[in-house]
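Source file: protein.cif (mmCIF, C-alpha atoms)
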```
data_query
loop_
_atom_site.label_atom_id
_atom_site.label_comp_id
_atom_site.auth_asym_id
_atom_site.auth_seq_id
_atom_site.Cartn_x
_atom_site.Cartn_y
_atom_site.Cartn_z
CA MET A 1 -240.78 66.32 32.06
CA GLU A 2 -238.04 63.89 33.01
CA ILE A 3 -238.29 60.33 34.29
CA TYR A 4 -235.63 58.27 36.04
CA GLU A 5 -235.27 54.84 37.51
CA GLN A 6 -234.44 54.90 41.21
CA HIS A 7 -231.92 52.69 43.01
CA LEU A 8 -232.43 53.01 46.74
CA GLN A 9 -230.42 51.78 49.70
CA PHE A 10 -231.85 51.49 53.21
CA SER A 11 -230.27 51.41 56.61
CA SER A 12 -231.34 47.88 57.52
CA GLN A 13 -230.60 44.61 55.78
CA LEU A 14 -234.26 43.59 56.02
CA GLU A 15 -235.46 46.76 54.28
CA ASN A 16 -232.96 46.21 51.47
CA LYS A 17 -234.11 42.60 51.05
CA ILE A 18 -237.75 43.68 50.91
CA TRP A 19 -236.90 46.31 48.31
CA ASP A 20 -234.90 43.82 46.24
CA ASP A 21 -237.79 41.35 46.40
CA LEU A 22 -240.23 44.00 45.26
CA LEU A 23 -238.13 44.95 42.25
CA ASN A 24 -236.86 41.53 41.19
CA ARG A 25 -239.33 38.86 42.28
CA GLN A 26 -242.50 40.95 42.13
CA ARG A 27 -241.23 42.83 39.06
CA TYR A 28 -241.80 46.46 39.99
CA LEU A 29 -240.02 49.57 38.78
CA ALA A 30 -239.17 52.44 41.13
CA LEU A 31 -239.44 55.67 39.15
CA LYS A 32 -238.85 59.35 39.83
CA VAL A 33 -240.61 61.91 37.63
CA ILE A 34 -239.77 65.61 37.55
CA ALA A 35 -242.65 67.70 36.17
CA ASP A 36 -242.14 70.95 34.24
CA ASP A 37 -244.94 72.78 35.99
CA ALA A 38 -247.85 72.40 38.39
CA ALA A 39 -250.40 71.82 35.60
CA LYS A 40 -248.50 68.82 34.26
CA LEU A 41 -247.98 67.59 37.80
CA ARG A 42 -251.74 67.54 38.37
CA LEU A 43 -252.27 65.56 35.16
CA LEU A 44 -249.61 63.07 36.20
CA ALA A 45 -251.06 62.71 39.71
CA LYS A 46 -254.51 62.03 38.20
CA LEU A 47 -253.03 59.30 35.96
CA LEU A 48 -251.29 57.66 38.91
CA ASP A 49 -254.54 57.67 40.88
CA GLN A 50 -256.41 56.15 37.94
CA MET A 51 -253.81 53.37 37.76
CA ASP A 52 -253.91 52.76 41.53
CA LEU A 53 -250.14 53.25 41.75
CA ILE A 54 -248.30 53.87 45.00
CA HIS A 55 -246.77 57.34 44.74
CA THR A 56 -245.73 60.43 46.66
CA VAL A 57 -245.57 64.06 45.53
CA GLU A 58 -243.02 66.57 46.81
CA GLY A 59 -242.89 69.87 44.98
CA LEU A 60 -242.63 69.02 41.28
CA ARG A 61 -241.16 65.60 42.01
CA VAL A 62 -243.18 62.37 42.00
CA ASP A 63 -241.86 59.02 43.27
CA LEU A 64 -243.83 55.95 42.23
CA LEU A 65 -243.86 52.17 41.99
CA LEU A 66 -244.94 50.70 38.66
CA PRO A 67 -245.52 47.00 37.93
CA ARG A 68 -243.39 46.09 34.94
CA VAL A 69 -246.41 44.47 33.32
CA ASN A 70 -247.94 47.97 33.09
CA LEU A 71 -244.90 49.66 31.56
CA ALA A 72 -246.23 49.75 27.99
CA LEU A 73 -249.61 51.11 29.11
CA PHE A 74 -247.96 53.72 31.33
CA LYS A 75 -245.81 54.87 28.42
CA GLU A 76 -248.88 55.12 26.19
CA LYS A 77 -250.82 57.24 28.70
CA LEU A 78 -247.85 59.52 29.42
CA THR A 79 -247.39 60.11 25.70
CA GLU A 80 -251.08 60.98 25.31
CA ILE A 81 -250.96 63.46 28.18
CA PHE A 82 -247.60 65.17 27.68
CA ASN A 83 -246.64 64.61 24.02
CA ASP A 84 -242.99 64.95 25.00
CA PRO A 85 -240.49 63.23 22.61
CA SER A 86 -237.75 63.15 25.26
CA LEU A 87 -240.10 61.42 27.71
CA ASP A 88 -241.02 58.90 25.03
CA GLN A 89 -237.34 58.06 24.51
CA GLN A 90 -236.73 57.68 28.23
CA MET A 91 -239.63 55.22 28.47
CA ASN A 92 -238.35 53.33 25.46
CA ASP A 93 -234.97 53.00 27.19
CA LEU A 94 -236.68 51.50 30.25
CA ASN A 95 -238.65 49.12 28.08
CA GLN A 96 -235.48 47.97 26.30
CA LYS A 97 -233.70 47.44 29.61
CA TYR A 98 -236.34 45.14 31.05
CA ARG A 99 -237.56 43.24 28.03
CA VAL A 100 -236.96 39.48 27.98
CA LEU A 101 -236.10 38.01 24.58
CA TRP A 102 -235.85 34.42 23.47
CA GLN A 103 -233.85 33.88 20.29
CA ALA A 104 -235.03 30.58 18.86
CA GLY A 105 -233.81 29.64 15.41
CA ARG A 106 -235.75 31.63 12.83
CA PHE A 107 -237.71 33.45 15.54
CA GLU A 108 -237.15 36.06 18.20
CA PHE A 109 -239.86 36.07 20.84
CA ASN A 110 -240.34 39.17 22.98
CA LEU A 111 -241.75 37.63 26.15
CA THR A 112 -242.29 41.04 27.70
CA GLU A 113 -244.85 41.94 25.06
CA ARG A 114 -246.69 38.63 24.86
CA PRO A 115 -246.41 35.03 26.03
CA VAL A 116 -245.41 32.11 23.86
CA ILE A 117 -248.07 29.43 23.35
CA TYR A 118 -246.06 26.24 23.01
CA GLY A 119 -248.04 23.29 21.67
CA ILE A 120 -247.29 19.64 22.40
CA LEU A 121 -247.43 17.07 19.59
CA ASN A 122 -246.32 13.65 20.78
CA VAL A 123 -245.86 11.00 18.10
CA THR A 124 -245.21 8.28 20.63
CA PRO A 125 -247.41 5.29 21.46
CA ASP A 126 -246.87 5.74 25.22
CA SER A 127 -246.94 9.43 26.19
CA PHE A 128 -249.05 9.94 29.31
CA TYR A 129 -251.81 11.99 27.64
CA ASP A 130 -251.78 11.84 23.84
CA GLY A 131 -249.75 8.69 23.22
CA GLY A 132 -250.86 6.91 20.05
CA TRP A 133 -253.17 9.67 18.84
CA TYR A 134 -251.02 11.08 16.03
CA GLN A 135 -249.50 8.25 14.04
CA SER A 136 -250.65 8.88 10.47
CA GLU A 137 -249.72 11.81 8.23
CA THR A 138 -253.40 12.75 7.94
CA ALA A 139 -253.90 12.82 11.71
CA ILE A 140 -250.70 14.81 12.23
CA LEU A 141 -251.53 17.45 9.61
CA LYS A 142 -255.07 17.80 10.95
CA ARG A 143 -253.83 18.31 14.49
CA VAL A 144 -251.11 20.79 13.49
CA SER A 145 -253.64 22.76 11.44
CA GLU A 146 -255.97 22.92 14.46
CA MET A 147 -253.14 24.16 16.67
CA VAL A 148 -252.09 26.84 14.19
CA ASP A 149 -255.66 28.06 13.75
CA ALA A 150 -256.03 28.27 17.54
CA GLY A 151 -253.00 30.56 17.84
CA VAL A 152 -250.00 28.37 18.65
CA ASP A 153 -246.51 29.93 18.37
CA VAL A 154 -244.38 26.78 18.72
CA ILE A 155 -245.11 23.14 17.98
CA GLU A 156 -242.95 20.67 19.83
CA VAL A 157 -242.60 17.15 18.46
CA GLY A 158 -241.81 14.40 20.93
CA GLY A 159 -240.68 10.92 19.93
CA GLN A 160 -239.47 9.64 23.33
CA THR A 161 -241.68 9.91 26.37
CA THR A 162 -240.06 10.85 29.69
CA ARG A 163 -243.11 10.12 31.83
CA PRO A 164 -242.38 8.48 35.20
CA GLY A 165 -241.11 4.94 34.63
CA PHE A 166 -240.52 5.47 30.89
CA VAL A 167 -238.65 2.96 28.75
CA GLU A 168 -235.83 4.42 26.65
CA ILE A 169 -235.84 3.69 22.92
CA PRO A 170 -232.78 3.80 20.63
CA PRO A 171 -232.01 7.09 18.85
CA GLU A 172 -232.77 5.42 15.51
CA GLU A 173 -236.32 4.61 16.60
CA GLU A 174 -236.86 8.12 17.95
CA LEU A 175 -235.60 9.64 14.69
CA LYS A 176 -237.88 7.36 12.70
CA ARG A 177 -240.83 8.74 14.67
CA VAL A 178 -239.99 12.44 14.45
CA THR A 179 -238.14 13.31 11.24
CA GLN A 180 -241.09 13.02 8.87
CA VAL A 181 -243.28 15.00 11.27
CA LEU A 182 -240.73 17.80 11.61
CA ASP A 183 -240.47 17.95 7.84
CA LEU A 184 -244.26 18.11 7.44
CA ILE A 185 -244.54 21.04 9.83
CA GLN A 186 -241.68 22.96 8.23
CA LYS A 187 -243.08 22.52 4.72
CA ASN A 188 -246.72 23.25 5.50
CA PHE A 189 -246.65 25.61 8.50
CA SER A 190 -243.48 27.68 8.25
CA GLN A 191 -245.11 30.49 10.26
CA VAL A 192 -244.68 28.56 13.52
CA ALA A 193 -241.49 27.63 15.31
CA VAL A 194 -240.62 23.94 15.35
CA ALA A 195 -239.25 22.31 18.50
CA ILE A 196 -238.15 18.84 19.46
CA ASP A 197 -238.31 17.25 22.89
CA THR A 198 -235.22 15.05 23.16
CA TYR A 199 -232.32 14.42 25.50
CA LYS A 200 -230.26 12.32 23.05
CA TYR A 201 -227.23 13.83 21.33
CA ALA A 202 -227.61 11.61 18.27
CA VAL A 203 -231.15 12.88 17.71
CA MET A 204 -230.18 16.52 18.25
CA GLU A 205 -227.31 16.20 15.78
CA ARG A 206 -229.55 14.80 13.04
CA VAL A 207 -232.36 17.37 13.29
CA ILE A 208 -230.65 20.57 14.42
CA ASP A 209 -230.48 22.14 10.96
CA TYR A 210 -234.25 22.22 10.48
CA ILE A 211 -235.67 23.01 13.90
CA ASP A 212 -235.86 26.17 15.99
CA ILE A 213 -235.89 24.87 19.58
CA ILE A 214 -234.53 21.90 21.50
CA ASN A 215 -236.13 20.92 24.82
CA ASP A 216 -233.70 18.83 26.88
CA VAL A 217 -234.84 17.34 30.19
CA ASN A 218 -231.14 16.77 30.97
CA ALA A 219 -230.31 20.49 30.62
CA PHE A 220 -227.65 20.03 27.88
CA THR A 221 -224.79 19.48 30.35
CA ASP A 222 -224.82 15.68 30.61
CA ASP A 223 -222.87 15.30 27.34
CA GLN A 224 -220.09 17.70 26.32
CA ARG A 225 -220.90 17.07 22.66
CA LYS A 226 -224.24 18.80 23.17
CA LEU A 227 -222.52 22.01 24.22
CA ALA A 228 -220.38 22.09 21.08
CA LEU A 229 -223.42 21.31 18.94
CA MET A 230 -225.46 24.11 20.52
CA ARG A 231 -222.59 26.59 20.25
CA ASN A 232 -222.41 26.10 16.49
CA SER A 233 -226.16 26.55 15.93
CA ASN A 234 -228.77 29.23 16.50
CA VAL A 235 -231.52 27.08 18.04
CA GLY A 236 -233.29 28.10 21.21
CA LEU A 237 -232.49 26.01 24.26
CA LEU A 238 -235.14 24.95 26.74
CA THR A 239 -233.11 23.73 29.69
CA MET A 240 -234.88 21.77 32.41
CA HIS A 241 -234.22 21.17 36.08
CA SER A 242 -234.88 17.55 37.09
CA ALA A 243 -235.10 16.15 40.62
CA ARG A 244 -235.86 12.50 39.87
CA ASN A 245 -232.63 11.39 41.52
CA LYS A 246 -232.45 14.02 44.28
CA ASP A 247 -233.82 14.77 47.71
CA TYR A 248 -234.03 18.44 48.59
CA ASP A 249 -233.70 20.08 51.97
CA ASN A 250 -234.18 23.62 50.60
CA LEU A 251 -235.98 23.32 47.28
CA THR A 252 -235.88 26.94 46.11
CA ALA A 253 -232.26 27.55 47.09
CA GLU A 254 -231.06 24.40 45.36
CA MET A 255 -233.10 25.13 42.24
CA LYS A 256 -231.60 28.63 42.12
CA ALA A 257 -228.13 27.12 42.38
CA PHE A 258 -228.95 24.66 39.60
CA PHE A 259 -230.21 27.31 37.18
CA GLU A 260 -227.39 29.74 37.95
CA GLU A 261 -224.79 27.04 37.33
CA ASN A 262 -226.56 25.70 34.26
CA ILE A 263 -226.89 29.13 32.63
CA ALA A 264 -223.26 29.93 33.45
CA THR A 265 -222.07 26.66 31.88
CA LEU A 266 -224.07 27.25 28.71
CA VAL A 267 -222.89 30.85 28.36
CA GLN A 268 -219.26 29.89 29.07
CA ASN A 269 -219.53 27.41 26.21
CA GLY A 270 -220.40 30.15 23.74
CA ILE A 271 -224.21 30.05 23.86
CA ASN A 272 -225.83 33.49 23.91
CA ILE A 273 -227.96 33.92 27.00
CA ASN A 274 -230.87 35.19 24.88
CA ARG A 275 -231.16 31.67 23.43
CA ILE A 276 -231.84 30.12 26.86
CA ALA A 277 -235.26 29.50 28.42
CA LEU A 278 -235.91 27.62 31.67
CA ASP A 279 -238.22 24.84 32.82
CA GLN A 280 -238.56 24.00 36.51
CA GLY A 281 -239.29 20.34 35.75
CA ILE A 282 -242.66 19.94 37.43
CA GLY A 283 -243.52 16.23 37.34
CA TYR A 284 -239.85 15.28 37.52
CA ALA A 285 -239.55 14.90 41.29
CA LYS A 286 -238.18 11.78 42.97
CA LYS A 287 -241.74 11.01 44.07
CA ALA A 288 -244.00 11.37 41.05
CA ASP A 289 -246.95 13.77 41.47
CA GLY A 290 -245.99 14.58 45.05
CA TYR A 291 -246.17 17.82 46.98
CA GLN A 292 -242.87 19.01 45.56
CA ASP A 293 -244.80 19.78 42.37
CA TYR A 294 -247.04 22.27 44.18
CA ALA A 295 -244.04 23.92 45.83
CA MET A 296 -242.54 24.36 42.36
CA MET A 297 -245.75 25.87 41.03
CA LYS A 298 -245.66 28.34 43.89
CA ASN A 299 -241.97 29.27 43.71
CA ILE A 300 -241.86 30.15 40.00
CA ASP A 301 -241.51 33.85 40.83
CA GLN A 302 -238.34 33.11 42.79
CA PHE A 303 -236.54 32.81 39.44
CA ASN A 304 -237.68 36.13 37.94
CA TYR A 305 -234.33 37.66 38.95
CA LEU A 306 -232.64 35.52 36.27
CA ASN A 307 -234.44 37.51 33.55
CA ARG A 308 -234.90 34.43 31.39
CA PRO A 309 -238.20 33.12 30.00
CA MET A 310 -239.79 30.63 32.38
CA MET A 311 -241.86 27.78 31.00
CA ILE A 312 -245.11 26.55 32.52
CA ALA A 313 -245.15 22.83 31.72
CA ILE A 314 -247.95 21.25 33.76
CA SER A 315 -250.54 20.44 31.10
CA ARG A 316 -252.85 17.64 32.30
CA LYS A 317 -250.15 16.23 34.57
CA GLY A 318 -250.72 13.86 37.48
CA PHE A 319 -251.49 16.47 40.14
CA GLY A 320 -255.05 16.45 38.81
CA ALA A 321 -255.30 12.78 39.66
CA LYS A 322 -253.47 13.18 42.97
CA LEU A 323 -255.72 15.92 44.31
CA PHE A 324 -259.06 15.15 42.68
CA GLY A 325 -258.87 11.65 41.25
CA LEU A 326 -259.32 13.01 37.74
CA PRO A 327 -258.60 10.91 34.65
CA LYS A 328 -256.35 12.61 32.10
CA GLU A 329 -259.26 13.62 29.86
CA ASP A 330 -260.84 15.64 32.71
CA ARG A 331 -257.78 17.56 33.92
CA LEU A 332 -258.07 20.67 31.73
CA PRO A 333 -259.88 22.87 34.32
CA VAL A 334 -257.35 22.23 37.12
CA THR A 335 -254.53 22.67 34.61
CA LEU A 336 -255.85 26.11 33.65
CA VAL A 337 -256.20 27.16 37.30
CA ALA A 338 -252.61 26.21 38.09
CA GLU A 339 -251.34 27.75 34.84
CA ALA A 340 -253.10 31.02 35.68
CA TYR A 341 -251.31 31.21 39.02
CA MET A 342 -247.94 30.52 37.43
CA TYR A 343 -248.58 32.95 34.57
CA LEU A 344 -249.35 35.77 36.99
CA HIS A 345 -246.13 35.02 38.86
CA GLY A 346 -243.71 35.05 35.93
CA GLY A 347 -244.27 32.08 33.61
CA ARG A 348 -244.24 33.31 30.01
CA ILE A 349 -244.02 30.13 27.92
CA LEU A 350 -247.09 27.91 28.21
CA ARG A 351 -246.37 24.35 27.10
CA VAL A 352 -249.81 22.83 26.60
CA HIS A 353 -252.01 20.30 24.85
CA ASP A 354 -255.05 22.62 24.74
CA ILE A 355 -254.21 25.62 22.57
CA ALA A 356 -257.48 27.56 22.27
CA GLU A 357 -258.19 27.47 25.99
CA THR A 358 -254.64 28.58 26.83
CA VAL A 359 -254.80 31.48 24.36
CA GLN A 360 -258.00 32.61 26.10
CA LEU A 361 -256.39 32.27 29.53
CA ALA A 362 -253.37 34.40 28.62
CA LYS A 363 -255.43 37.07 26.87
CA MET A 364 -257.91 37.31 29.75
CA LEU A 365 -255.16 37.67 32.34
CA ASP A 366 -253.31 40.25 30.23
CA VAL A 367 -256.48 42.32 29.91
CA ILE A 368 -257.14 42.13 33.66
CA GLN A 369 -253.58 43.11 34.56
CA ASN A 370 -253.95 46.25 32.43
CA GLY A 371 -257.59 46.77 33.36
CA TYR A 372 -257.60 50.45 34.36
CA TRP A 373 -260.40 52.93 33.76
CA PHE A 374 -259.48 56.34 32.40
CA GLY A 375 -262.96 57.69 31.76
CA SER A 376 -265.08 57.72 28.65
#
```
Before we go any further, please render this structure as structure tokens.
Amino acid sequence: MEIYEQHLQFSSQLENKIWDDLLNRQRYLALKVIADDAAKLRLLAKLLDQMDLIHTVEGLRVDLLLPRVNLALFKEKLTEIFNDPSLDQQMNDLNQKYRVLWQAGRFEFNLTERPVIYGILNVTPDSFYDGGWYQSETAILKRVSEMVDAGVDVIEVGGQTTRPGFVEIPPEEELKRVTQVLDLIQKNFSQVAVAIDTYKYAVMERVIDYIDIINDVNAFTDDQRKLALMRNSNVGLLTMHSARNKDYDNLTAEMKAFFEENIATLVQNGININRIALDQGIGYAKKADGYQDYAMMKNIDQFNYLNRPMMIAISRKGFGAKLFGLPKEDRLPVTLVAEAYMYLHGGRILRVHDIAETVQLAKMLDVIQNGYWFGS
């Protein structure tokens, strides 16, 4: 058997746009399979029916649409049925082509295979949810241990809140809050990636040699020194779009323009694109907790064409209060609902306070998306 990826062109502009949307935003693959004989063709057709895949059969040729999320399962089932080494290599080539990697310091995350659970550890007195909770070494180590046991991949330390109306502190004060915590995590939990949430160059410069990821709400382009610092390191960059000082007429189009320009600037300054992950900046609109946040939850799949990891960063944010009047301690259920929607539409990094519940969410949705029945 042979399998190929198809690249089709249609007579109308609308048809081509629909096709492009299907492949890039909805993340489908268009495949053509040539069977060796009628017996193998029947086995393949049965598999496609079992997986509910759109397909057509003409002679020994089969054309089909496959969701990218099912690529690994499809490869596994084809291998079981046909035991064809050449087919296995062709599927591996497809998998390599469409995988999304995030190179982050000591770690390389394959976001195609599994999501990244990205835990929040604020050591600030004024963060909107957990401010003041983790001030002592004992409390910090206990919390980090809980997060690791629950399945966290990354722990992000924050020493400067950027909640709406925040008050900026000097870099020296931020460093005083975070350096000991970063050191504790590195020494005691080296199996997890360590991140810092900071937009200050002076802080980045001091900690860059012993962290894996930097999360910058200013997207690294507000200070040229940041670009040089990032170029000479191997940390992962989490670059965020912010709209606190902007009014949008066409939200999605302007966000696309922002990310395209931001990625281009970072790459032109010597930063490998595999080090870059994106954050839409939900909660960073000009009007805090307004309807722009919901539009940004909905449009996350509009950025799948960039082939970069997209972060879901909505944990316990103010939309729960806006819609339902919920205090911060009661916002986990609505957070999980919104995260589920965004996860199914392309978000692969889940930045959260609640690790165990998020691990369950991601696993459950992964199982459902590959929930086909092939008989006993």
Problem set entry | Residues within 10 Å of segment 79-83 of chain A, only C-alpha atoms, excluding chain neighbours under 6 positions, as a count of residues only | 7
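We find atom CA of Thr358 of chain A and atom CA of Ile117 of chain A to be spaced 7.5 Å apart.
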For this session: May I ask for the distance between atom CA of Met230 of chain A and atom CA of Leu266 of chain A, given in Å to one decimal place?
Result: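 Taking atom CA of Met230 of chain A and atom CA of Leu266 of chain A, their separation equals 8.9 Å.
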For this session: Expand the PyMOL selection byres ((chain A and resi 198) around 12) into the individual residues it matches in the shown file, reporting them as a count of residues only.
Result: 42
For this session: Given the file shown, enumerate the residues that the PyMOL selection byres ((chain A and resi 23) around 10) captures and present them as number ranges by chain.
Result: A: 7, 17-22, 24-30, 65-68, 304-305
Problem set entry | Residue neighbourhood Ser315 of chain A, 7 Å, only C-alpha atoms, exclusion window fewer than 4 positions, as a list in words |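 Counting only C-alpha atoms, the residues come to Thr335, Arg351, Val352 and His353 of chain A.
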Resulting file, chosen residues, C-alpha atoms, as a PDB file, keeping the file's coordinate frame:
```
ATOM      1  CA  THR A 335    -254.530  22.670  34.610  1.00  0.00           C
ATOM      2  CA  ARG A 351    -246.370  24.350  27.100  1.00  0.00           C
ATOM      3  CA  VAL A 352    -249.810  22.830  26.600  1.00  0.00           C
ATOM      4  CA  HIS A 353    -252.010  20.300  24.850  1.00  0.00           C
TER       5      HIS A 353
END
```
Problem set entry | Among listed residues A:Ile312, A:Ala362, A:Arg225, A:Gly283, nearest Asn269 of chain A (using all atoms listed in the file) | A:Arg225
For this session: May I ask which of the residues A:Glu113, A:Glu254, A:Asp247, A:Glu108 is the closest one to Lys287 of chain A, counting only C-alpha atoms?
Result: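 When distances to Lys287 of chain A are compared using only C-alpha atoms, the smallest one comes from A:Asp247.
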Problem set entry | Cut-off 12 Å around (-232.1, 25.8, 41.8) with only C-alpha atoms: residues as a ChimeraX atom specification | /A:240-243,248-263,278-281,296,299-300,302-303,306
Exercise. If you measure from atom CA of Thr124 of chain A to atom CA of Val334 of chain A, what distance in Å do you get, rounded to one decimal?
Worked result: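 Atom CA of Val334 of chain A lies 24.8 Å from atom CA of Thr124 of chain A.
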Problem set entry | Nearby residues, (-224.7, 36.1, 23.8) file frame, 12 Å, only C-alpha atoms, as a list in words |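 Selection result: Leu101, Trp102, Gln103, Arg231, Asn234, Ile263, Ala264, Leu266, Val267, Gln268, Asn269, Gly270, Ile271, Asn272, Ile273, Asn274, Arg275 and Ile276 of chain A.
Closest to Leu344 of chain A among A:Leu323, A:Asn95, A:Val192, A:Val69 is A:Val69, based on only C-alpha atoms.
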For this session: Could you tell me which of A:Met297, A:Ala356, A:Val116, A:Met310 comes closest to Ala340 of chain A if we count all atoms listed in the file?
Result: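 Distance minimum relative to Ala340 of chain A lands on A:Met297.
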For this session: Could you check which of A:Glu5, A:Arg114, A:Leu14, A:Ser86 is closest to Leu64 of chain A, using all atoms listed in the file?
Result: A:Glu5
As a check of understanding, name the residues that the PyMOL selection byres ((chain A and resi 153) around 8) selects in the supplied structure, as a short mmCIF file (atom, residue, chain, number, x, y, z; two decimals) with C-alpha atoms, in the coordinates of the input.
```cif
data_model
loop_
_atom_site.label_atom_id
_atom_site.label_comp_id
_atom_site.auth_asym_id
_atom_site.auth_seq_id
_atom_site.Cartn_x
_atom_site.Cartn_y
_atom_site.Cartn_z
CA VAL A 116 -245.41 32.11 23.86
CA ILE A 117 -248.07 29.43 23.35
CA TYR A 118 -246.06 26.24 23.01
CA GLY A 119 -248.04 23.29 21.67
CA VAL A 148 -252.09 26.84 14.19
CA GLY A 151 -253.00 30.56 17.84
CA VAL A 152 -250.00 28.37 18.65
CA VAL A 154 -244.38 26.78 18.72
CA ILE A 155 -245.11 23.14 17.98
CA VAL A 192 -244.68 28.56 13.52
CA ALA A 193 -241.49 27.63 15.31
#
```
